[in-house]
file target_14.txt (compact mmCIF, C-alpha atoms (C1' of nucleotides))
# COMPACT_ATOMS: atom_id res chain seq x y z
CA MET A 1460 25.03 197.73 119.81
CA SER A 1461 21.86 199.12 118.26
CA GLU A 1462 21.65 202.23 116.10
CA PRO A 1463 21.65 205.74 117.56
CA THR A 1464 17.84 205.69 117.23
CA LYS A 1465 18.11 208.76 115.08
CA SER A 1466 14.71 210.30 115.46
CA GLY A 1467 12.50 207.55 116.79
CA THR A 1468 9.20 208.39 115.22
CA ARG A 1469 10.36 207.70 111.69
CA GLU A 1470 11.64 204.29 112.68
CA ILE A 1471 8.38 203.51 114.42
CA ALA A 1472 6.28 204.49 111.42
CA ARG A 1473 8.45 202.43 109.15
CA ASP A 1474 8.17 199.37 111.37
CA ALA A 1475 4.41 199.76 111.52
CA VAL A 1476 4.05 199.90 107.74
CA ARG A 1477 6.38 196.96 107.44
CA ALA A 1478 4.29 194.96 109.87
CA ARG A 1479 1.11 195.87 108.02
CA ILE A 1480 2.50 194.72 104.68
CA SER A 1481 3.61 191.48 106.24
CA GLU A 1482 0.20 190.90 107.74
CA VAL A 1483 -1.61 191.44 104.46
CA ALA A 1484 0.91 189.33 102.57
CA VAL A 1485 0.63 186.37 104.92
CA ASP A 1486 -3.14 186.50 104.71
CA LEU A 1487 -3.11 186.50 100.93
CA PHE A 1488 -0.47 183.79 100.71
CA ASP A 1489 -2.39 181.63 103.12
CA GLU A 1490 -5.55 181.95 101.09
CA HIS A 1491 -4.29 181.74 97.51
CA GLY A 1492 -0.83 180.25 97.75
CA PHE A 1493 2.47 182.06 97.61
CA ALA A 1494 2.98 181.73 93.86
CA ASN A 1495 -0.51 182.91 93.00
CA VAL A 1496 -0.22 186.26 94.73
CA THR A 1497 1.68 189.05 93.00
CA VAL A 1498 3.58 191.80 94.71
CA GLU A 1499 1.24 194.24 93.00
CA GLN A 1500 -1.79 192.65 94.65
CA ILE A 1501 -0.24 192.95 98.08
CA ALA A 1502 0.81 196.53 97.45
CA THR A 1503 -2.63 197.53 96.18
CA GLU A 1504 -4.30 195.95 99.18
CA VAL A 1505 -2.03 197.85 101.54
CA GLY A 1506 -2.43 201.05 99.55
CA ILE A 1507 1.11 201.52 98.32
CA SER A 1508 2.90 200.98 95.04
CA ALA A 1509 4.72 197.82 94.10
CA ARG A 1510 7.91 199.84 94.08
CA SER A 1511 7.41 200.75 97.70
CA PHE A 1512 6.84 197.14 98.64
CA HIS A 1513 10.36 196.46 97.50
CA ARG A 1514 11.62 199.32 99.59
CA TYR A 1515 10.41 197.49 102.65
CA PHE A 1516 11.23 193.95 101.58
CA ALA A 1517 14.08 193.09 99.26
CA VAL A 1518 12.26 190.04 97.93
CA LYS A 1519 8.71 188.77 98.07
CA GLU A 1520 9.65 185.97 100.43
CA ASP A 1521 10.80 188.40 103.10
CA ALA A 1522 7.26 189.61 103.66
CA VAL A 1523 6.70 186.32 105.48
CA ILE A 1524 10.08 185.92 107.10
CA ALA A 1525 10.21 189.55 108.17
CA GLU A 1526 12.57 190.31 110.97
CA PRO A 1527 15.82 188.85 109.72
CA MET A 1528 18.37 189.87 112.32
CA GLY A 1529 16.69 191.29 115.42
CA TRP A 1530 15.67 188.04 117.04
CA GLY A 1531 18.96 186.48 116.10
CA VAL A 1532 20.65 189.14 118.19
CA PHE A 1533 18.22 188.42 120.99
CA VAL A 1534 19.08 184.72 121.00
CA ARG A 1535 22.78 185.45 120.88
CA ASP A 1536 22.52 187.82 123.82
CA ARG A 1537 20.56 185.30 125.85
CA PHE A 1538 23.18 182.68 125.11
CA ALA A 1539 25.98 185.07 126.05
CA GLU A 1540 24.41 185.55 129.48
CA ARG A 1541 24.62 181.86 130.27
CA PRO A 1542 27.25 180.67 132.73
CA ALA A 1543 30.50 179.78 131.00
CA ASP A 1544 30.67 176.34 132.56
CA GLU A 1545 27.21 175.27 131.45
CA PRO A 1546 27.18 172.62 128.71
CA VAL A 1547 26.81 174.36 125.36
CA TRP A 1548 23.76 172.38 124.30
CA GLU A 1549 21.84 173.39 127.42
CA GLY A 1550 22.80 177.01 126.93
CA LEU A 1551 21.50 176.98 123.38
CA LEU A 1552 18.24 175.41 124.47
CA ALA A 1553 17.81 178.06 127.14
CA ALA A 1554 18.43 180.83 124.61
CA TYR A 1555 15.74 179.57 122.26
CA GLU A 1556 13.35 179.04 125.14
CA ALA A 1557 13.85 182.66 126.10
CA LEU A 1558 12.86 183.64 122.58
CA LEU A 1559 9.68 181.57 122.73
CA ALA A 1560 8.84 183.11 126.08
CA GLN A 1561 8.88 186.63 124.63
CA PRO A 1562 5.64 188.29 125.71
CA ASP A 1563 4.91 190.08 122.44
CA ARG A 1564 4.86 186.98 120.30
CA ASP A 1565 1.50 186.76 118.57
CA ASP A 1566 0.83 183.03 118.49
CA VAL A 1567 -2.11 183.12 116.14
CA ARG A 1568 -0.36 185.19 113.52
CA GLY A 1569 2.91 183.41 114.13
CA LYS A 1570 1.27 180.07 113.54
CA ARG A 1571 -0.33 181.28 110.34
CA ALA A 1572 3.00 182.59 109.08
CA MET A 1573 4.71 179.32 109.95
CA ARG A 1574 2.04 177.41 108.09
CA VAL A 1575 2.44 179.48 104.94
CA LEU A 1576 6.16 179.17 105.38
CA GLY A 1577 6.02 175.41 105.51
CA SER A 1578 3.89 175.15 102.40
CA THR A 1579 6.28 176.75 99.93
CA PRO A 1580 9.78 175.45 99.28
CA SER A 1581 11.24 178.81 98.34
CA LEU A 1582 9.94 180.26 101.58
CA ARG A 1583 11.39 177.48 103.65
CA ALA A 1584 14.70 177.99 101.95
CA ARG A 1585 14.64 181.71 102.62
CA ASN A 1586 13.83 181.00 106.22
CA LEU A 1587 16.78 178.67 106.52
CA GLU A 1588 18.90 181.43 105.09
CA LYS A 1589 17.80 183.67 107.91
CA HIS A 1590 18.98 181.02 110.30
CA LEU A 1591 22.34 181.07 108.58
CA LEU A 1592 22.62 184.65 109.78
CA TRP A 1593 21.72 183.63 113.29
CA ALA A 1594 24.35 180.95 113.07
CA GLN A 1595 27.00 183.51 112.24
CA LEU A 1596 26.13 185.34 115.44
CA LEU A 1597 26.14 182.26 117.64
CA THR A 1598 29.09 180.34 116.27
CA PRO A 1599 31.87 182.59 117.66
CA LEU A 1600 30.39 182.44 121.14
CA VAL A 1601 30.04 178.68 121.01
CA ALA A 1602 33.55 178.22 119.64
CA GLU A 1603 34.88 180.15 122.63
CA ARG A 1604 33.48 177.59 124.99
CA LEU A 1605 34.95 174.58 123.24
CA ARG A 1606 38.35 173.01 123.83
CA GLY A 1607 40.53 170.99 121.53
CA PRO A 1608 41.09 171.06 117.77
CA GLN A 1609 38.66 172.08 115.02
CA ARG A 1610 36.80 174.41 117.31
CA LEU A 1611 35.12 176.33 114.51
CA LEU A 1612 33.89 173.29 112.63
CA ARG A 1613 32.56 171.74 115.80
CA ALA A 1614 30.90 174.95 116.89
CA GLU A 1615 29.18 175.21 113.54
CA ALA A 1616 27.93 171.66 113.85
CA LEU A 1617 26.43 172.42 117.24
CA VAL A 1618 24.87 175.72 116.24
CA HIS A 1619 23.36 174.50 113.00
CA SER A 1620 22.02 171.37 114.63
CA SER A 1621 20.40 173.48 117.32
CA LEU A 1622 18.84 175.71 114.68
CA ALA A 1623 17.53 172.62 112.92
CA CYS A 1624 15.88 171.53 116.14
CA PHE A 1625 14.40 174.98 116.60
CA ASP A 1626 13.01 174.95 113.08
CA ILE A 1627 11.51 171.53 113.42
CA ALA A 1628 9.91 172.29 116.73
CA LEU A 1629 8.24 175.41 115.35
CA GLY A 1630 7.23 173.62 112.17
CA ASN A 1631 5.54 170.83 114.08
CA TRP A 1632 3.91 173.32 116.37
CA ALA A 1633 2.45 175.21 113.40
CA GLN A 1634 1.04 172.03 111.92
CA SER A 1635 -0.54 170.78 115.10
CA GLU A 1636 -4.21 171.62 115.42
CA ALA A 1637 -4.27 171.61 119.19
CA ALA A 1638 -2.63 174.33 121.21
CA ALA A 1639 0.59 172.47 121.85
CA ASP A 1640 3.43 174.14 123.70
CA PRO A 1641 6.24 175.01 121.28
CA ALA A 1642 8.73 175.04 124.13
CA ALA A 1643 7.89 171.44 124.96
CA LEU A 1644 8.45 170.39 121.36
CA LEU A 1645 11.73 172.26 121.39
CA ARG A 1646 12.89 170.41 124.49
CA THR A 1647 11.91 167.08 122.96
CA ALA A 1648 13.96 167.81 119.85
CA PHE A 1649 16.96 168.95 121.87
CA ALA A 1650 16.71 165.92 124.10
CA GLU A 1651 16.76 163.60 121.11
CA ILE A 1652 20.06 165.02 119.95
CA ALA A 1653 21.47 164.90 123.45
CA ALA A 1654 20.54 161.22 123.59
CA VAL A 1655 22.65 160.36 120.55
CA SER A 1656 25.36 158.15 121.88
CA MET B 1204 13.16 151.72 92.07
CA SER B 1205 14.76 153.41 89.07
CA GLU B 1206 13.06 154.07 85.76
CA PRO B 1207 12.67 151.42 83.07
CA THR B 1208 15.73 152.98 81.34
CA LYS B 1209 13.54 153.51 78.31
CA SER B 1210 16.05 153.68 75.52
CA GLY B 1211 19.37 154.40 77.15
CA THR B 1212 21.05 156.51 74.54
CA ARG B 1213 18.64 159.36 74.85
CA GLU B 1214 19.11 159.50 78.59
CA ILE B 1215 22.86 159.44 78.18
CA ALA B 1216 22.85 162.32 75.72
CA ARG B 1217 20.62 164.31 78.00
CA ASP B 1218 22.85 163.77 81.00
CA ALA B 1219 25.90 164.77 79.00
CA VAL B 1220 24.34 168.03 77.86
CA ARG B 1221 23.17 168.70 81.37
CA ALA B 1222 26.66 168.16 82.73
CA ARG B 1223 28.13 170.43 80.07
CA ILE B 1224 25.74 173.25 80.88
CA SER B 1225 26.53 172.89 84.55
CA GLU B 1226 30.25 173.01 83.86
CA VAL B 1227 30.02 176.16 81.78
CA ALA B 1228 27.68 177.79 84.26
CA VAL B 1229 29.89 177.13 87.28
CA ASP B 1230 32.90 178.51 85.42
CA LEU B 1231 31.08 181.69 84.49
CA PHE B 1232 29.60 182.15 87.95
CA ASP B 1233 32.98 181.64 89.56
CA GLU B 1234 34.55 184.26 87.34
CA HIS B 1235 31.88 186.96 87.17
CA GLY B 1236 29.58 186.23 90.08
CA PHE B 1237 26.22 184.52 89.98
CA ALA B 1238 24.13 187.65 89.56
CA ASN B 1239 26.27 189.03 86.76
CA VAL B 1240 25.84 186.08 84.44
CA THR B 1241 22.58 185.75 82.52
CA VAL B 1242 20.98 182.52 81.44
CA GLU B 1243 21.36 183.73 77.89
CA GLN B 1244 25.13 184.00 78.24
CA ILE B 1245 25.38 180.46 79.53
CA ALA B 1246 23.12 179.15 76.79
CA THR B 1247 25.03 180.96 74.05
CA GLU B 1248 28.33 179.66 75.38
CA VAL B 1249 26.99 176.12 75.35
CA GLY B 1250 25.39 176.62 71.95
CA ILE B 1251 21.74 176.28 72.85
CA SER B 1252 18.86 178.68 73.35
CA ALA B 1253 17.91 180.17 76.67
CA ARG B 1254 14.65 178.29 76.44
CA SER B 1255 16.50 175.02 76.24
CA PHE B 1256 18.54 175.89 79.30
CA HIS B 1257 15.31 175.94 81.24
CA ARG B 1258 14.38 172.55 79.84
CA TYR B 1259 17.42 171.14 81.61
CA PHE B 1260 17.28 173.25 84.74
CA ALA B 1261 14.09 174.61 86.22
CA VAL B 1262 15.88 177.61 87.65
CA LYS B 1263 19.25 179.22 87.13
CA GLU B 1264 20.45 178.10 90.53
CA ASP B 1265 20.03 174.44 89.66
CA ALA B 1266 22.88 174.65 87.17
CA VAL B 1267 25.15 174.69 90.22
CA ILE B 1268 23.21 172.40 92.49
CA ALA B 1269 22.54 169.96 89.69
CA GLU B 1270 21.33 166.60 90.71
CA PRO B 1271 18.56 167.40 93.16
CA MET B 1272 17.14 164.00 93.99
CA GLY B 1273 19.48 161.28 92.73
CA TRP B 1274 22.07 161.50 95.47
CA GLY B 1275 19.39 161.87 98.06
CA VAL B 1276 18.02 158.53 96.95
CA PHE B 1277 21.53 157.14 97.11
CA VAL B 1278 21.98 158.24 100.71
CA ARG B 1279 18.58 156.91 101.67
CA ASP B 1280 19.34 153.53 100.12
CA ARG B 1281 22.69 153.31 101.88
CA PHE B 1282 21.00 154.10 105.16
CA ALA B 1283 18.30 151.50 104.52
CA GLU B 1284 20.98 148.84 104.11
CA ARG B 1285 22.33 149.47 107.58
CA PRO B 1286 21.58 146.92 110.29
CA ALA B 1287 18.38 147.70 112.13
CA ASP B 1288 20.04 147.57 115.55
CA GLU B 1289 22.77 150.04 114.70
CA PRO B 1290 22.44 153.42 116.43
CA VAL B 1291 20.72 155.81 114.05
CA TRP B 1292 23.44 158.43 114.22
CA GLU B 1293 26.10 155.94 113.14
CA GLY B 1294 23.94 154.75 110.31
CA LEU B 1295 23.46 158.27 109.02
CA LEU B 1296 27.17 158.94 109.19
CA ALA B 1297 27.87 155.76 107.24
CA ALA B 1298 25.35 156.75 104.57
CA TYR B 1299 26.96 160.15 103.99
CA GLU B 1300 30.40 158.58 104.01
CA ALA B 1301 29.28 156.23 101.27
CA LEU B 1302 28.26 159.26 99.23
CA LEU B 1303 31.63 160.92 99.69
CA ALA B 1304 33.34 157.69 98.70
CA GLN B 1305 31.56 157.61 95.34
CA PRO B 1306 34.27 157.05 92.72
CA ASP B 1307 32.94 159.46 90.12
CA ARG B 1308 33.05 162.53 92.32
CA ASP B 1309 35.22 165.15 90.69
CA ASP B 1310 36.85 166.88 93.65
CA VAL B 1311 38.25 169.82 91.74
CA ARG B 1312 34.98 170.69 90.09
CA GLY B 1313 33.03 169.83 93.19
CA LYS B 1314 35.14 172.19 95.24
CA ARG B 1315 34.66 174.96 92.72
CA ALA B 1316 30.90 174.43 92.74
CA MET B 1317 30.83 174.48 96.53
CA ARG B 1318 32.78 177.71 96.53
CA VAL B 1319 30.38 179.41 94.12
CA LEU B 1320 27.55 177.98 96.14
CA GLY B 1321 28.78 179.49 99.37
CA SER B 1322 29.19 182.93 97.83
CA THR B 1323 25.59 183.61 96.77
CA PRO B 1324 22.60 183.68 99.12
CA SER B 1325 20.06 182.51 96.55
CA LEU B 1326 22.28 179.55 95.74
CA ARG B 1327 22.66 178.65 99.37
CA ALA B 1328 18.92 178.81 99.73
CA ARG B 1329 18.37 176.50 96.79
CA ASN B 1330 20.91 174.10 98.20
CA LEU B 1331 19.08 174.03 101.49
CA GLU B 1332 15.92 173.26 99.57
CA LYS B 1333 17.61 170.24 98.09
CA HIS B 1334 18.45 169.06 101.57
CA LEU B 1335 14.82 169.45 102.53
CA LEU B 1336 14.07 166.86 99.87
CA TRP B 1337 16.73 164.54 101.22
CA ALA B 1338 15.25 164.94 104.66
CA GLN B 1339 11.85 163.84 103.40
CA LEU B 1340 13.42 160.66 102.11
CA LEU B 1341 15.36 159.87 105.26
CA THR B 1342 12.88 160.83 107.95
CA PRO B 1343 10.46 157.91 107.51
CA LEU B 1344 13.28 155.40 107.70
CA VAL B 1345 14.72 156.98 110.80
CA ALA B 1346 11.31 157.23 112.47
CA GLU B 1347 10.90 153.49 111.97
CA ARG B 1348 13.94 152.80 114.09
CA LEU B 1349 12.90 154.97 117.01
CA ARG B 1350 10.81 153.91 120.00
CA GLY B 1351 8.63 155.96 122.26
CA PRO B 1352 6.49 159.04 121.70
CA GLN B 1353 6.98 161.86 119.19
CA ARG B 1354 8.78 159.60 116.76
CA LEU B 1355 8.34 161.89 113.80
CA LEU B 1356 9.53 165.04 115.55
CA ARG B 1357 12.54 163.25 116.96
CA ALA B 1358 13.37 161.67 113.62
CA GLU B 1359 13.25 165.06 111.96
CA ALA B 1360 15.57 166.49 114.57
CA LEU B 1361 18.09 163.74 113.92
CA VAL B 1362 17.88 163.91 110.14
CA HIS B 1363 18.10 167.68 109.89
CA SER B 1364 20.96 167.80 112.34
CA SER B 1365 22.81 165.22 110.32
CA LEU B 1366 22.24 167.20 107.16
CA ALA B 1367 23.54 170.29 108.92
CA CYS B 1368 26.71 168.40 109.79
CA PHE B 1369 27.03 167.22 106.21
CA ASP B 1370 26.67 170.75 104.91
CA ILE B 1371 29.17 172.17 107.33
CA ALA B 1372 31.73 169.51 106.60
CA LEU B 1373 31.50 170.13 102.86
CA GLY B 1374 31.50 173.88 103.33
CA ASN B 1375 34.66 173.77 105.41
CA TRP B 1376 36.25 171.39 102.96
CA ALA B 1377 35.54 173.72 100.05
CA GLN B 1378 37.06 176.68 101.87
CA SER B 1379 40.20 174.90 102.97
CA GLU B 1380 43.15 175.50 100.69
CA ALA B 1381 44.90 172.26 101.49
CA ALA B 1382 43.58 168.95 100.25
CA ALA B 1383 41.74 168.03 103.43
CA ASP B 1384 39.66 164.88 103.59
CA PRO B 1385 35.95 165.74 103.57
CA ALA B 1386 35.13 162.43 105.22
CA ALA B 1387 37.35 163.29 108.16
CA LEU B 1388 35.61 166.64 108.60
CA LEU B 1389 32.28 164.87 108.42
CA ARG B 1390 33.27 162.46 111.17
CA THR B 1391 34.48 165.32 113.35
CA ALA B 1392 31.16 167.12 112.99
CA PHE B 1393 29.18 163.98 113.73
CA ALA B 1394 31.35 163.19 116.72
CA GLU B 1395 30.74 166.63 118.17
CA ILE B 1396 27.00 166.05 118.17
CA ALA B 1397 27.40 162.59 119.59
CA ALA B 1398 29.43 164.11 122.42
CA VAL B 1399 26.58 166.37 123.51
CA SER B 1400 25.62 165.14 126.90
C1' DC C 114 11.13 153.86 54.84
C1' DC C 115 7.62 155.43 58.14
C1' DA C 116 5.24 156.71 61.96
C1' DA C 117 5.80 157.87 66.94
C1' DT C 118 8.46 160.16 70.14
C1' DA C 119 11.46 163.53 71.98
C1' DG C 120 14.25 167.76 71.57
C1' DT C 121 14.82 172.50 69.73
C1' DG C 122 14.32 177.44 68.50
C1' DT C 123 11.32 181.34 68.20
C1' DC C 124 7.90 184.20 69.88
C1' DA C 125 4.98 186.37 73.26
C1' DG C 126 4.05 187.44 77.85
C1' DA C 127 3.81 187.53 83.08
C1' DG C 128 6.11 188.75 87.00
C1' DA C 129 10.12 190.05 90.16
C1' DC C 130 13.26 193.36 90.86
C1' DT C 131 16.25 197.94 90.03
C1' DG C 132 17.72 202.66 88.84
C1' DA C 133 16.43 207.37 87.98
C1' DC C 134 13.82 211.22 88.89
C1' DA C 135 10.46 214.52 90.37
C1' DG C 136 7.12 215.65 93.75
C1' DA C 137 5.20 215.21 98.71
C1' DA C 138 5.84 214.67 103.56
C1' DT C 139 8.47 215.04 107.80
C1' DT C 140 12.07 216.62 110.63
C1' DG C 141 14.98 219.84 113.25
C1' DG C 142 16.42 224.23 114.03
C1' DC C 143 15.25 229.14 113.90
C1' DG D 1093 5.14 229.29 112.36
C1' DC D 1094 8.70 228.94 108.60
C1' DC D 1095 12.52 227.11 105.97
C1' DA D 1096 15.94 224.06 104.49
C1' DA D 1097 17.63 219.28 104.78
C1' DT D 1098 16.31 214.81 104.86
C1' DT D 1099 13.46 211.11 103.93
C1' DC D 1100 9.51 208.87 101.61
C1' DT D 1101 6.75 207.98 97.57
C1' DG D 1102 4.86 207.03 92.95
C1' DT D 1103 5.81 206.76 88.13
C1' DC D 1104 8.35 205.26 84.38
C1' DA D 1105 11.53 202.50 81.89
C1' DG D 1106 14.09 198.68 81.65
C1' DT D 1107 16.45 194.01 82.64
C1' DC D 1108 16.11 189.39 83.74
C1' DT D 1109 14.02 184.95 84.98
C1' DC D 1110 10.79 181.72 83.85
C1' DT D 1111 6.57 179.69 81.22
C1' DG D 1112 3.30 178.28 77.57
C1' DA D 1113 2.39 177.60 72.73
C1' DC D 1114 3.68 176.33 68.31
C1' DA D 1115 6.06 174.74 64.36
C1' DC D 1116 10.10 172.23 62.96
C1' DT D 1117 13.82 168.86 63.16
C1' DA D 1118 16.10 164.65 64.77
C1' DT D 1119 16.00 160.19 66.62
C1' DT D 1120 14.03 155.81 67.57
C1' DG D 1121 11.91 151.33 66.75
C1' DG D 1122 9.59 148.56 63.79

call {"tool": "encode", "arguments": {"input": "target_14.txt", "output": "structure tokens"}}
result
Amino acid sequence: MSEPTKSGTREIARDAVRARISEVAVDLFDEHGFANVTVEQIATEVGISARSFHRYFAVKEDAVIAEPMGWGVFVRDRFAERPADEPVWEGLLAAYEALLAQPDRDDVRGKRAMRVLGSTPSLRARNLEKHLLWAQLLTPLVAERLRGPQRLLRAEALVHSSLACFDIALGNWAQSEAAADPAALLRTAFAEIAAVS
Amino acid sequence: MSEPTKSGTREIARDAVRARISEVAVDLFDEHGFANVTVEQIATEVGISARSFHRYFAVKEDAVIAEPMGWGVFVRDRFAERPADEPVWEGLLAAYEALLAQPDRDDVRGKRAMRVLGSTPSLRARNLEKHLLWAQLLTPLVAERLRGPQRLLRAEALVHSSLACFDIALGNWAQSEAAADPAALLRTAFAEIAAVS
DNA sequence: CCAATAGTGTCAGAGACTGACAGAATTGGC
DNA sequence: GCCAATTCTGTCAGTCTCTGACACTATTGG
């Protein structure tokens, strides 16, 4: 599935720089607002040129969103492991829960990023776009488990609704002052949809 | 709710120009691709300056999305008219159906716009942003009709899921060659969510 | 006909992003 | 350790989107 891991070290260095840029960018955005920080400022702070910034992130927004595909693959794989006879909605919930349970998630930084993300429309939009990619990974698997006509349309409805719930749960978690449990919020959102009669 | 309709004629002229720009823009985007058409080209074709283009549309993308708030208000108002004891999900479906039933919807042009829209990431993102605005209008009304804890979170889950269904239905409709009924696709998507147990 | 109001083009400028290119660093084999 | 291939990197030049300022024209309402 993943690349041949050509020579390891290079990839590692690249990821580290990428992470550093993201860190600096989120800090600056949080303090001054997304629109009031230029790419040049971020680059200077990190110690690289503006041109190099764009070699790591296609657009300014991506410095906050970062990781576009990797976690999507993770969620898809978790979903794929679920028993075939399990209701789809439960399987999706379990897959997202697995993501939230990842040990290397930095909650403090994650929360800060989510806060910045929620404060700027163009960032939110870009984030939703990322979820569109996730949806493309999940939809085929979900469609497989459905019966009857219009399988693709119905699968898309399920997947996108689940992503909406995921988004909302994380958004609410980021806004909450107290140390709420994102997984609990996620379950609440999922349960609400399941209760639609 | 609506503006005092200051002097009518001016508003009418403005809307007409706006519609004309949008028409030209969608045509050009459809033919050459969104990124390959400059604002200047659109403006020249319409017979105005590039500066004036931006007086009608804040950003290039909006020439395709057009109407950012108006229809959102329409949907909200339709939902508000629904009986208070009706299940929320049914009320939302009815509100979107009312939008699709609007007599002045130009299906041919609408389909073209949706096609362009689906082909360019930045356009998709902007479209999602529009839906974020719709969600802000609908969420308070939905929250009002819910009981129990976490009303806001649960309302957001419902509203965003419904918007996802709306998006998917229109997206599938735009892609379909045959003259499918968007309302039927919408009902299918909504039914799928309602069937989650 | 005359103000007040609204719309327009032109100009200047900031900022995001891209392609080209030359120089520096890193890698893998020898 | 050394050399060639590969992979960064910064610099430069340029395009495009979007904004503010200003002067000018058109429309409106009295």

call {"tool": "atom_distance", "arguments": {"input": "target_14.txt", "atom1": "atom CA of A:Asp1486", "atom2": "atom CA of A:Ala1572"}}
result
8.5 Å

call {"tool": "interface_residues", "arguments": {"input": "target_14.txt", "of": "chain D", "to": "chain A", "cutoff": "10 Å", "atoms": "all atoms listed in the file", "output": "PDB file with C-alpha atoms (C1' of nucleotides), in the frame of the given file"}}
result
ATOM      1  C1'  DT D1099      13.460 211.110 103.930  1.00  0.00           C
ATOM      2  C1'  DC D1100       9.510 208.870 101.610  1.00  0.00           C
ATOM      3  C1'  DT D1101       6.750 207.980  97.570  1.00  0.00           C
ATOM      4  C1'  DG D1102       4.860 207.030  92.950  1.00  0.00           C
ATOM      5  C1'  DT D1103       5.810 206.760  88.130  1.00  0.00           C
TER       6       DT D1103
END

call {"tool": "interface_residues", "arguments": {"input": "target_14.txt", "of": "chain C", "to": "chain A", "cutoff": "9 Å", "atoms": "all atoms listed in the file", "output": "MDAnalysis selection string"}}
result
chainID C and resid 128:130 139:140

call {"tool": "closest_residue", "arguments": {"input": "target_14.txt", "among": "A:Ala1502, A:Leu1622, A:Arg1585, A:Ala1628", "to": "B:Gln1353", "atoms": "only C-alpha atoms"}}
result
A:Ala1628

call {"tool": "interface_residues", "arguments": {"input": "target_14.txt", "of": "chain A", "to": "chain B", "cutoff": "9 Å", "atoms": "all atoms listed in the file", "output": "ChimeraX atom specification"}}
result
/A:1546-1548,1580-1581,1583-1588,1609,1612-1617,1619-1628,1631,1644,1647-1656

call {"tool": "closest_residue", "arguments": {"input": "target_14.txt", "among": "A:Asn1495, A:Phe1516, A:Arg1604, A:Arg1574", "to": "C:DA127", "atoms": "all atoms listed in the file"}}
result
A:Asn1495

call {"tool": "residues_around", "arguments": {"input": "target_14.txt", "residues": "C:DA133", "least_positions_apart": "3", "cutoff": "12 Å", "atoms": "only C-alpha atoms (C1' of nucleotides)", "output": "CSV table (one decimal) with C-alpha atoms (C1' of nucleotides), in the frame of the given file"}}
result
chain,number,residue,atom,x,y,z
D,1103,DT,C1',5.8,206.8,88.1
D,1104,DC,C1',8.4,205.3,84.4
D,1105,DA,C1',11.5,202.5,81.9
D,1106,DG,C1',14.1,198.7,81.6

call {"tool": "closest_residue", "arguments": {"input": "target_14.txt", "among": "C:DA119, C:DA135, C:DC114, C:DA125", "to": "D:DT1111", "atoms": "only C-alpha atoms (C1' of nucleotides)"}}
result
C:DA125

call {"tool": "atom_distance", "arguments": {"input": "target_14.txt", "atom1": "atom CA of A:Val1601", "atom2": "atom CA of A:Tyr1555"}}
result
14.4 Å

call {"tool": "residues_around", "arguments": {"input": "target_14.txt", "residues": "D:DA1096", "least_positions_apart": "4", "cutoff": "12 Å", "atoms": "all atoms listed in the file", "output": "list of chain:residue names"}}
result
C:DT140, C:DG141, C:DG142, C:DC143

call {"tool": "axis_aligned_box", "arguments": {"input": "target_14.txt", "around": "stretch 1226-1233 of chain B", "padding_each_side": "8 Å", "output": "AutoDock Vina command-line options"}}
result
--center_x 30.3 --center_y 177.6 --center_z 85.7 --size_x 21.3 --size_y 25.1 --size_z 23.8

call {"tool": "atom_distance", "arguments": {"input": "target_14.txt", "atom1": "atom CA of A:Leu1559", "atom2": "atom CA of A:Pro1599"}}
result
22.8 Å

call {"tool": "closest_residue", "arguments": {"input": "target_14.txt", "among": "A:Gly1506, A:Gly1529, A:Pro1542, A:Gly1569", "to": "A:Glu1482", "atoms": "all atoms listed in the file"}}
result
A:Gly1569

call {"tool": "residues_near_point", "arguments": {"input": "target_14.txt", "point": "(10.5, 168.5, 65.2)", "cutoff": "10 Å", "atoms": "all atoms listed in the file", "output": "ChimeraX atom specification"}}
result
/C:118-121 /D:1115-1118

call {"tool": "residues_around", "arguments": {"input": "target_14.txt", "residues": "B:Asp1310", "least_positions_apart": "2", "cutoff": "12 Å", "atoms": "all atoms listed in the file", "output": "count of residues only"}}
result
20
